[in-house]
>>> print(open('protein-v7.txt').read())   # compact mmCIF, C-alpha atoms
# COMPACT_ATOMS: atom_id res chain seq x y z
CA MET A 1 -69.34 37.62 -25.10
CA SER A 2 -72.87 36.29 -24.97
CA GLY A 3 -73.53 34.26 -21.85
CA ALA A 4 -70.46 35.59 -20.01
CA GLU A 5 -70.82 36.27 -16.33
CA ILE A 6 -70.75 39.94 -15.50
CA SER A 7 -69.78 41.36 -12.15
CA LEU A 8 -71.57 43.41 -9.53
CA ALA A 9 -70.61 47.07 -9.29
CA LEU A 10 -69.71 48.00 -5.69
CA SER A 11 -69.43 51.71 -4.88
CA ILE A 12 -66.95 52.69 -2.16
CA GLY A 13 -69.40 54.77 -0.12
CA ASP A 14 -67.90 57.32 2.24
CA PRO A 15 -64.19 56.37 2.27
CA SER A 16 -63.79 57.70 5.81
CA GLY A 17 -66.25 55.07 7.00
CA ILE A 18 -66.04 51.30 6.98
CA GLY A 19 -66.85 50.93 3.27
CA PRO A 20 -63.25 50.24 2.15
CA GLU A 21 -62.61 47.66 4.86
CA ILE A 22 -65.86 45.72 4.48
CA ALA A 23 -65.20 45.62 0.72
CA ILE A 24 -61.74 44.22 1.45
CA ALA A 25 -63.15 41.77 4.00
CA ALA A 26 -65.83 40.62 1.57
CA TRP A 27 -63.26 39.95 -1.14
CA ARG A 28 -61.06 38.02 1.30
CA ALA A 29 -64.11 35.90 2.19
CA ARG A 30 -64.97 35.29 -1.48
CA HIS A 31 -64.27 31.56 -1.41
CA LEU A 32 -65.63 30.80 2.05
CA SER A 33 -68.80 32.78 1.36
CA ALA A 34 -69.12 31.65 -2.29
CA LEU A 35 -69.38 35.27 -3.41
CA PRO A 36 -70.23 36.31 -6.96
CA PRO A 37 -67.62 38.45 -8.73
CA PHE A 38 -67.70 42.15 -7.97
CA TYR A 39 -65.51 45.13 -8.70
CA LEU A 40 -64.97 48.12 -6.44
CA LEU A 41 -65.32 51.66 -7.75
CA ALA A 42 -62.72 53.47 -5.67
CA ASP A 43 -59.31 55.12 -5.49
CA PRO A 44 -56.86 52.16 -5.68
CA ALA A 45 -54.30 54.00 -3.56
CA LEU A 46 -56.82 54.48 -0.74
CA VAL A 47 -57.88 50.82 -0.88
CA ALA A 48 -54.23 49.73 -0.71
CA ALA A 49 -53.55 52.10 2.19
CA ARG A 50 -56.57 50.81 4.10
CA ALA A 51 -55.43 47.20 3.58
CA ARG A 52 -51.99 48.09 4.97
CA ARG A 53 -53.61 49.83 7.93
CA LEU A 54 -55.61 46.68 8.64
CA GLY A 55 -52.52 44.52 8.26
CA VAL A 56 -53.95 42.34 5.49
CA ASP A 57 -52.36 41.34 2.22
CA VAL A 58 -54.77 42.12 -0.60
CA PRO A 59 -53.57 42.08 -4.21
CA ILE A 60 -55.31 44.87 -6.12
CA ILE A 61 -55.72 45.06 -9.87
CA GLU A 62 -56.94 48.13 -11.75
CA ILE A 63 -59.37 46.95 -14.36
CA SER A 64 -62.35 47.77 -16.55
CA PRO A 65 -65.81 46.56 -15.48
CA THR A 66 -66.12 44.00 -18.26
CA ASP A 67 -62.86 42.27 -17.28
CA ALA A 68 -63.46 42.07 -13.52
CA ALA A 69 -64.99 38.59 -13.38
CA GLY A 70 -61.91 37.01 -14.93
CA THR A 71 -59.56 38.36 -12.26
CA PHE A 72 -61.83 38.33 -9.21
CA HIS A 73 -60.56 35.09 -7.71
CA ASP A 74 -56.91 36.20 -7.83
CA ALA A 75 -57.08 39.90 -6.99
CA LEU A 76 -59.53 42.56 -5.83
CA PRO A 77 -60.70 44.29 -9.02
CA VAL A 78 -60.78 48.07 -8.63
CA VAL A 79 -62.14 50.39 -11.29
CA PRO A 80 -60.28 53.66 -10.60
CA LEU A 81 -62.20 56.84 -9.98
CA ARG A 82 -61.19 59.98 -11.81
CA VAL A 83 -60.75 61.85 -8.53
CA ARG A 84 -58.46 60.97 -5.64
CA LEU A 85 -59.87 60.28 -2.19
CA VAL A 86 -58.58 61.50 1.16
CA ASP A 87 -57.66 58.59 3.43
CA SER A 88 -58.99 59.72 6.81
CA PRO A 89 -60.64 56.80 8.63
CA GLY A 90 -63.19 58.03 11.16
CA LEU A 91 -62.88 61.66 10.04
CA PRO A 92 -65.43 62.43 7.33
CA ASP A 93 -64.15 64.98 4.84
CA PRO A 94 -66.28 66.99 2.35
CA ALA A 95 -63.31 66.72 -0.01
CA ASN A 96 -64.37 63.09 -0.57
CA ALA A 97 -67.87 64.04 -1.72
CA ALA A 98 -66.97 64.19 -5.42
CA GLY A 99 -65.45 60.72 -5.36
CA THR A 100 -68.31 59.28 -3.32
CA ILE A 101 -70.83 60.56 -5.88
CA GLU A 102 -68.67 59.57 -8.85
CA ALA A 103 -68.61 55.97 -7.61
CA ILE A 104 -72.41 55.89 -7.41
CA ASP A 105 -72.82 57.55 -10.82
CA ARG A 106 -70.48 55.11 -12.53
CA ALA A 107 -71.95 52.03 -10.83
CA VAL A 108 -75.42 53.01 -12.06
CA ALA A 109 -74.12 53.84 -15.55
CA ASP A 110 -72.34 50.49 -15.75
CA CYS A 111 -75.48 48.65 -14.72
CA LEU A 112 -77.70 50.52 -17.18
CA ALA A 113 -75.18 49.86 -19.96
CA GLY A 114 -75.17 46.14 -19.21
CA HIS A 115 -71.59 46.10 -17.94
CA ALA A 116 -72.65 45.28 -14.35
CA ALA A 117 -75.33 42.90 -13.12
CA ALA A 118 -76.44 45.05 -10.18
CA VAL A 119 -75.45 48.08 -8.13
CA VAL A 120 -74.30 47.39 -4.57
CA THR A 121 -73.52 50.43 -2.46
CA CYS A 122 -71.37 50.85 0.62
CA PRO A 123 -72.79 53.33 3.15
CA ILE A 124 -72.58 57.08 2.71
CA ALA A 125 -72.99 59.87 5.26
CA LYS A 126 -75.21 62.82 4.46
CA LYS A 127 -73.44 65.66 6.28
CA PRO A 128 -70.10 65.57 4.36
CA LEU A 129 -72.10 65.50 1.12
CA TYR A 130 -74.35 68.35 2.24
CA ASP A 131 -71.27 70.36 3.25
CA ALA A 132 -69.97 69.90 -0.30
CA GLY A 133 -73.24 71.03 -1.90
CA PHE A 134 -75.13 67.75 -2.35
CA ARG A 135 -78.84 68.55 -2.53
CA PHE A 136 -80.58 65.19 -2.30
CA PRO A 137 -82.07 63.85 0.95
CA GLY A 138 -80.05 60.64 0.75
CA HIS A 139 -78.70 57.70 -1.19
CA THR A 140 -82.06 56.30 -2.29
CA GLU A 141 -83.37 59.63 -3.56
CA TYR A 142 -80.20 60.21 -5.56
CA LEU A 143 -80.46 56.77 -7.17
CA ALA A 144 -84.07 57.57 -8.10
CA HIS A 145 -82.84 60.84 -9.66
CA LEU A 146 -80.31 58.94 -11.79
CA ALA A 147 -82.98 56.44 -12.81
CA SER A 148 -85.45 59.20 -13.70
CA ARG A 149 -82.85 60.95 -15.82
CA HIS A 150 -82.16 57.69 -17.66
CA ILE A 151 -85.76 56.77 -18.48
CA GLY A 152 -87.09 60.31 -18.84
CA ALA A 153 -89.87 59.88 -16.29
CA ASP A 154 -90.33 60.17 -12.56
CA VAL A 155 -89.31 57.14 -10.50
CA THR A 156 -90.72 56.32 -7.07
CA PRO A 157 -88.14 54.40 -5.02
CA VAL A 158 -89.28 52.01 -2.31
CA MET A 159 -87.03 50.84 0.52
CA LEU A 160 -87.20 47.13 1.32
CA LEU A 161 -85.37 45.61 4.28
CA ALA A 162 -84.78 41.94 3.49
CA GLY A 163 -83.58 39.41 6.05
CA PRO A 164 -83.73 35.63 6.29
CA GLU A 165 -86.96 35.73 8.31
CA LEU A 166 -88.62 39.04 7.49
CA ARG A 167 -89.09 41.64 4.76
CA THR A 168 -90.35 45.10 5.69
CA VAL A 169 -91.09 48.28 3.74
CA PRO A 170 -91.45 51.72 5.39
CA VAL A 171 -94.11 53.76 3.58
CA THR A 172 -92.71 57.02 4.97
CA ILE A 173 -88.97 57.09 5.54
CA HIS A 174 -86.64 59.83 6.75
CA ILE A 175 -89.08 62.30 8.25
CA PRO A 176 -89.78 63.27 11.87
CA LEU A 177 -92.32 61.05 13.60
CA ALA A 178 -94.60 64.06 14.11
CA GLU A 179 -94.78 64.51 10.34
CA VAL A 180 -95.90 60.94 9.59
CA PRO A 181 -99.67 61.44 10.06
CA ARG A 182 -99.54 64.53 7.85
CA GLN A 183 -97.59 62.89 5.03
CA LEU A 184 -99.27 59.49 5.12
CA THR A 185 -101.96 59.19 2.44
CA SER A 186 -103.98 56.37 0.92
CA GLU A 187 -102.36 57.17 -2.44
CA LEU A 188 -98.85 56.83 -0.99
CA ILE A 189 -99.69 53.47 0.59
CA VAL A 190 -101.23 52.19 -2.66
CA THR A 191 -98.27 53.34 -4.76
CA THR A 192 -95.75 51.80 -2.36
CA ALA A 193 -97.68 48.54 -2.23
CA ARG A 194 -97.99 48.31 -6.01
CA ILE A 195 -94.25 48.73 -6.51
CA THR A 196 -93.53 46.25 -3.73
CA ALA A 197 -95.89 43.62 -5.13
CA HIS A 198 -94.55 44.11 -8.66
CA ASP A 199 -90.90 43.71 -7.68
CA LEU A 200 -91.53 40.80 -5.31
CA ALA A 201 -93.20 39.02 -8.22
CA ASN A 202 -90.76 40.00 -10.95
CA ARG A 203 -87.46 40.05 -9.09
CA PHE A 204 -87.94 37.84 -6.05
CA GLY A 205 -90.02 35.26 -7.92
CA ILE A 206 -92.98 35.31 -5.53
CA ALA A 207 -95.93 34.62 -7.83
CA ARG A 208 -98.62 36.22 -5.64
CA PRO A 209 -97.01 38.27 -2.89
CA ARG A 210 -98.91 38.53 0.39
CA LEU A 211 -98.75 42.03 1.86
CA ALA A 212 -99.42 42.68 5.54
CA ILE A 213 -100.29 46.36 6.04
CA ALA A 214 -99.45 47.63 9.52
CA GLY A 215 -101.64 50.10 11.36
CA LEU A 216 -100.26 53.46 12.40
CA ASN A 217 -101.72 53.70 15.90
CA PRO A 218 -101.70 51.22 18.81
CA HIS A 219 -104.10 48.34 18.13
CA ALA A 220 -104.53 49.75 14.57
CA GLY A 221 -106.59 52.56 16.06
CA GLU A 222 -109.04 50.27 17.88
CA GLY A 223 -112.09 51.58 16.10
CA GLY A 224 -111.04 55.21 16.32
CA THR A 225 -110.44 55.28 20.07
CA MET A 226 -106.66 55.53 19.52
CA GLY A 227 -106.60 57.60 16.35
CA HIS A 228 -108.52 57.83 13.10
CA GLU A 229 -105.73 57.40 10.54
CA ASP A 230 -106.11 53.61 10.38
CA ASP A 231 -109.76 53.78 9.33
CA ARG A 232 -109.54 57.02 7.35
CA ILE A 233 -106.25 56.45 5.43
CA ILE A 234 -104.96 52.89 5.70
CA ARG A 235 -108.16 50.84 5.39
CA PRO A 236 -109.26 52.54 2.11
CA ALA A 237 -105.79 51.87 0.70
CA VAL A 238 -106.05 48.17 1.56
CA GLU A 239 -109.50 48.01 -0.03
CA ALA A 240 -108.17 49.65 -3.19
CA LEU A 241 -105.27 47.19 -3.38
CA ARG A 242 -107.56 44.21 -2.95
CA ALA A 243 -109.82 45.58 -5.70
CA GLU A 244 -106.76 45.54 -7.98
CA GLY A 245 -106.10 41.90 -7.18
CA ILE A 246 -103.20 42.49 -4.80
CA ASP A 247 -103.24 40.21 -1.76
CA ALA A 248 -103.19 42.88 0.96
CA ASN A 249 -104.43 42.54 4.52
CA GLY A 250 -104.78 45.27 7.12
CA PRO A 251 -104.55 47.54 8.91
CA LEU A 252 -102.99 45.13 11.39
CA PRO A 253 -101.78 45.96 14.92
CA ALA A 254 -98.02 46.35 14.69
CA ASP A 255 -97.38 44.89 18.13
CA THR A 256 -98.53 41.43 16.97
CA LEU A 257 -97.26 41.58 13.40
CA PHE A 258 -93.70 40.34 13.76
CA HIS A 259 -93.73 37.16 15.86
CA ALA A 260 -92.96 33.88 14.11
CA ARG A 261 -96.55 32.69 13.54
CA ALA A 262 -97.59 36.07 12.16
CA ARG A 263 -94.57 36.23 9.82
CA ALA A 264 -95.62 32.92 8.27
CA THR A 265 -98.80 34.55 6.93
CA TYR A 266 -97.19 37.18 4.68
CA ASP A 267 -94.25 37.83 2.37
CA VAL A 268 -93.68 41.48 3.30
CA ALA A 269 -94.93 43.88 5.95
CA LEU A 270 -95.67 47.44 4.86
CA CYS A 271 -95.06 49.72 7.80
CA MET A 272 -96.19 53.29 8.19
CA TYR A 273 -92.95 54.86 9.40
CA HIS A 274 -89.21 54.28 9.47
CA ASP A 275 -88.66 52.66 12.87
CA GLN A 276 -91.80 50.54 12.64
CA ALA A 277 -90.11 48.76 9.72
CA LEU A 278 -86.45 48.90 10.71
CA ILE A 279 -86.65 47.89 14.37
CA PRO A 280 -88.05 44.38 13.74
CA ALA A 281 -85.84 43.92 10.67
CA LYS A 282 -82.68 44.77 12.58
CA ALA A 283 -83.74 42.95 15.74
CA LEU A 284 -84.13 39.72 13.78
CA ALA A 285 -81.11 40.06 11.48
CA PHE A 286 -78.83 42.94 12.44
CA ASP A 287 -75.78 41.49 10.64
CA GLU A 288 -77.64 39.90 7.73
CA ALA A 289 -80.39 42.31 6.66
CA VAL A 290 -80.06 43.94 3.25
CA ASN A 291 -81.44 47.26 2.05
CA VAL A 292 -83.00 46.80 -1.42
CA THR A 293 -84.35 49.70 -3.46
CA LEU A 294 -87.44 48.68 -5.40
CA GLY A 295 -88.98 50.62 -8.28
CA LEU A 296 -85.71 51.29 -10.12
CA PRO A 297 -84.79 50.16 -13.67
CA PHE A 298 -81.73 48.46 -12.19
CA ILE A 299 -81.08 46.30 -9.14
CA ARG A 300 -79.66 48.03 -6.07
CA THR A 301 -78.75 46.44 -2.77
CA SER A 302 -76.82 47.77 0.19
CA PRO A 303 -75.73 46.74 3.68
CA ASP A 304 -78.33 47.65 6.27
CA HIS A 305 -76.01 49.81 8.37
CA GLY A 306 -74.27 53.14 8.24
CA THR A 307 -70.72 54.39 7.83
CA ALA A 308 -69.71 53.52 11.43
CA PHE A 309 -67.09 56.29 11.61
CA ASP A 310 -66.43 55.35 15.24
CA ILE A 311 -64.86 52.02 14.26
CA ALA A 312 -63.48 52.89 10.82
CA GLY A 313 -59.87 51.81 10.34
CA LYS A 314 -59.84 49.65 13.46
CA GLY A 315 -60.25 46.31 11.70
CA ILE A 316 -63.34 45.28 13.66
CA ALA A 317 -66.09 46.08 11.13
CA ARG A 318 -68.09 43.02 10.09
CA ALA A 319 -68.79 42.41 6.41
CA ASP A 320 -71.79 40.10 6.95
CA SER A 321 -74.41 42.56 5.68
CA LEU A 322 -72.32 43.51 2.65
CA ILE A 323 -71.80 39.84 1.84
CA ALA A 324 -75.56 39.32 2.09
CA ALA A 325 -76.13 42.37 -0.15
CA LEU A 326 -73.72 41.02 -2.77
CA LYS A 327 -75.38 37.62 -2.74
CA LEU A 328 -78.88 39.05 -2.97
CA GLY A 329 -77.90 41.44 -5.75
CA HIS A 330 -76.48 38.50 -7.70
CA SER A 331 -79.62 36.45 -7.08
CA LEU A 332 -81.99 39.25 -8.12
CA ALA A 333 -79.95 39.71 -11.29
CA GLY A 334 -80.64 36.11 -12.23
CA GLY A 335 -77.27 34.76 -11.22
CA GLY A 336 -75.29 37.30 -13.23
CA MET A 337 -75.37 35.29 -16.46
CA LYS A 338 -75.99 38.01 -19.01
CA ALA A 339 -74.53 39.08 -22.28
CA ILE A 340 -72.22 42.08 -22.05
CA PRO A 341 -73.35 44.36 -24.88
CA THR A 342 -70.77 45.20 -27.48
CA PRO A 343 -70.42 48.88 -28.48
CA THR A 344 -72.46 48.10 -31.62
CA GLU A 345 -75.22 46.45 -29.60
CA THR A 346 -75.27 49.34 -27.15
CA ALA A 347 -75.56 51.85 -29.98
CA ARG A 348 -78.55 50.00 -31.40
>>> encode(input="protein-v7.txt", output="structure tokens")
Amino acid sequence: MSGAEISLALSIGDPSGIGPEIAIAAWRARHLSALPPFYLLADPALVAARARRLGVDVPIIEISPTDAAGTFHDALPVVPLRVRLVDSPGLPDPANAAGTIEAIDRAVADCLAGHAAAVVTCPIAKKPLYDAGFRFPGHTEYLAHLASRHIGADVTPVMLLAGPELRTVPVTIHIPLAEVPRQLTSELIVTTARITAHDLANRFGIARPRLAIAGLNPHAGEGGTMGHEDDRIIRPAVEALRAEGIDANGPLPADTLFHARARATYDVALCMYHDQALIPAKALAFDEAVNVTLGLPFIRTSPDHGTAFDIAGKGIARADSLIAALKLGHSLAGGGMKAIPTPTETAR
């Protein structure tokens, strides 16, 4: 099967959210959007029920990952989960936690085994998982756990928001704003920047990535008059990166970092906290931005939005971000043209 195109593995996410319907919508737009083949890890009965609820005719075929590409243009390939899912649009149910996690586990396993080109994930919600005993902070941290278990070493995941006009990386992510100054360190900035530069070069094909490093305080601290973190934490990190040969510039005032002329001077902006990175990314490309996890031994992309329980099952969810995530995952995987390992090759 050398040279055969392999599909993307798409996990269902929280089935009470919009994951099932944006997966259906993406498949229905496969020709218009020139989508690469993907298969959905889900409960086929739930997918069929959601299609009926939306009033759309979607042929569904239960299939193995390695056979998905050959049927993708005629039917939505679904790799069945071992557990059944509760079909409750808009009403998250902890009973779906096992299936939500199983879909992620199997997508990652397929990718690591060479049966999928990349992992693409529909959104999950933390509370139903927590209520069922899930003990990871979120999606990204769980993917890093799976990667660490596979390679036998710690993995540091980095969140990249990628849109047509801007890429941003938050150095600190899901923590209260008051905690940011306490958790922000030069070492964390350097580690995040190294992973970002490495993956931009090796996966995005940017030979010498240009990193703009945002300041934490207004005016990047303005010489210490508006805070000392910029000079005490961020500037030494930038100096260390430059000493390693990484093209890093900063700390730069965040209020002038995201206009068009500024964006032309860098390939990615490293931001010091969650909203500093996500607000400009979503303002410029709310329906097109893609969440990419860097630093993993496999490619992972995801729509840059949540489960949207408030509109689940209503047929109004847009699949634009998922379509962008599928396209980017395919591109980062080199177009999906890879050999699918035979059992003998896998054993070796």
>>> closest_residue(input="protein-v7.txt", among="A:Asn217, A:Ala29, A:Ile12, A:Ala201", to="A:Arg318", atoms="only C-alpha atoms")
A:Ala29
>>> axis_aligned_box(input="protein-v7.txt", around="stretch 145-149 of chain A", padding_each_side="6 Å", output="JSON")
{"center_x": -82.9, "center_y": 58.7, "center_z": -12.7, "size_x": 17.1, "size_y": 16.5, "size_z": 18.2}
>>> closest_residue(input="protein-v7.txt", among="A:Ile233, A:Ala325, A:Ala162, A:Ala240", to="A:Leu284", atoms="all atoms listed in the file")
A:Ala162
>>> atom_distance(input="protein-v7.txt", atom1="atom CA of A:Gly133", atom2="atom CA of A:Gly99")
13.4 Å
>>> atom_distance(input="protein-v7.txt", atom1="atom CA of A:Ala248", atom2="atom CA of A:Ser302")
26.8 Å
>>> decode(input="protein-v7.txt", residues="stretch 69-168 of chain A", atoms="C-alpha atoms", output="compact mmCIF listing (two decimals), in the first residue's frame")
# COMPACT_ATOMS: atom_id res chain seq x y z
CA ALA A 69 -10.11 7.19 1.82
CA GLY A 70 -11.62 4.85 -0.76
CA THR A 71 -15.19 5.49 0.38
CA PHE A 72 -14.96 9.13 1.46
CA HIS A 73 -16.42 10.65 -1.68
CA ASP A 74 -19.52 8.43 -1.60
CA ALA A 75 -20.31 8.15 2.11
CA LEU A 76 -19.25 9.56 5.47
CA PRO A 77 -16.77 7.03 6.86
CA VAL A 78 -17.40 6.32 10.54
CA VAL A 79 -15.12 4.14 12.65
CA PRO A 80 -17.45 2.86 15.38
CA LEU A 81 -16.60 3.42 19.02
CA ARG A 82 -16.85 0.52 21.42
CA VAL A 83 -19.24 2.47 23.65
CA ARG A 84 -22.59 3.96 22.71
CA LEU A 85 -23.21 7.68 23.02
CA VAL A 86 -26.26 9.45 24.43
CA ASP A 87 -27.89 11.68 21.81
CA SER A 88 -28.77 14.80 23.82
CA PRO A 89 -28.02 17.94 21.78
CA GLY A 90 -27.44 20.93 24.05
CA LEU A 91 -27.55 18.83 27.23
CA PRO A 92 -24.06 17.64 28.15
CA ASP A 93 -24.08 14.24 29.81
CA PRO A 94 -21.23 12.68 31.85
CA ALA A 95 -22.37 9.34 30.41
CA ASN A 96 -20.72 10.44 27.14
CA ALA A 97 -17.31 10.96 28.75
CA ALA A 98 -16.07 7.43 28.03
CA GLY A 99 -16.91 7.72 24.34
CA THR A 100 -15.47 11.22 24.07
CA ILE A 101 -12.15 10.00 25.50
CA GLU A 102 -12.20 6.77 23.48
CA ALA A 103 -12.47 8.78 20.26
CA ILE A 104 -9.41 10.85 21.20
CA ASP A 105 -7.43 7.78 22.30
CA ARG A 106 -8.12 5.91 19.09
CA ALA A 107 -7.44 8.91 16.83
CA VAL A 108 -4.02 9.34 18.45
CA ALA A 109 -3.30 5.59 18.30
CA ASP A 110 -4.25 5.50 14.61
CA CYS A 111 -1.96 8.43 13.86
CA LEU A 112 0.98 6.97 15.79
CA ALA A 113 0.49 3.63 14.03
CA GLY A 114 0.54 5.30 10.62
CA HIS A 115 -3.12 4.58 9.87
CA ALA A 116 -4.08 8.28 9.99
CA ALA A 117 -2.22 11.30 8.63
CA ALA A 118 -3.18 13.65 11.47
CA VAL A 119 -5.50 13.98 14.45
CA VAL A 120 -8.31 16.53 14.10
CA THR A 121 -10.49 17.01 17.15
CA CYS A 122 -14.00 18.36 17.53
CA PRO A 123 -14.52 20.44 20.69
CA ILE A 124 -14.93 18.91 24.13
CA ALA A 125 -16.34 20.41 27.33
CA LYS A 126 -14.44 20.01 30.57
CA LYS A 127 -17.26 19.82 33.12
CA PRO A 128 -18.96 16.62 31.84
CA LEU A 129 -15.54 14.97 31.73
CA TYR A 130 -14.65 16.19 35.21
CA ASP A 131 -18.00 14.92 36.50
CA ALA A 132 -17.09 11.49 35.11
CA GLY A 133 -13.66 11.48 36.76
CA PHE A 134 -11.42 12.98 34.05
CA ARG A 135 -8.35 14.44 35.75
CA PHE A 136 -6.60 16.45 33.04
CA PRO A 137 -6.97 20.23 32.72
CA GLY A 138 -8.12 19.98 29.11
CA HIS A 139 -7.81 18.56 25.63
CA THR A 140 -4.25 19.71 24.99
CA GLU A 141 -2.90 18.37 28.27
CA TYR A 142 -4.51 15.00 27.65
CA LEU A 143 -2.98 14.78 24.17
CA ALA A 144 0.41 15.58 25.71
CA HIS A 145 -0.17 12.76 28.22
CA LEU A 146 -0.87 10.30 25.40
CA ALA A 147 2.22 11.49 23.54
CA SER A 148 4.41 11.20 26.65
CA ARG A 149 3.17 7.67 27.27
CA HIS A 150 4.02 6.75 23.67
CA ILE A 151 7.57 8.12 23.60
CA GLY A 152 8.42 7.47 27.24
CA ALA A 153 9.39 11.06 28.00
CA ASP A 154 7.70 14.28 29.03
CA VAL A 155 6.12 16.32 26.25
CA THR A 156 5.53 20.07 26.42
CA PRO A 157 2.53 21.02 24.29
CA VAL A 158 2.30 24.49 22.77
CA MET A 159 -0.96 26.03 21.57
CA LEU A 160 -0.78 27.83 18.23
CA LEU A 161 -3.71 29.79 16.81
CA ALA A 162 -3.30 29.88 13.04
CA GLY A 163 -5.36 32.11 10.77
CA PRO A 164 -4.89 33.46 7.26
CA GLU A 165 -3.32 36.70 8.54
CA LEU A 166 -1.92 35.90 11.98
CA ARG A 167 -0.38 33.15 14.09
CA THR A 168 -0.29 33.55 17.86
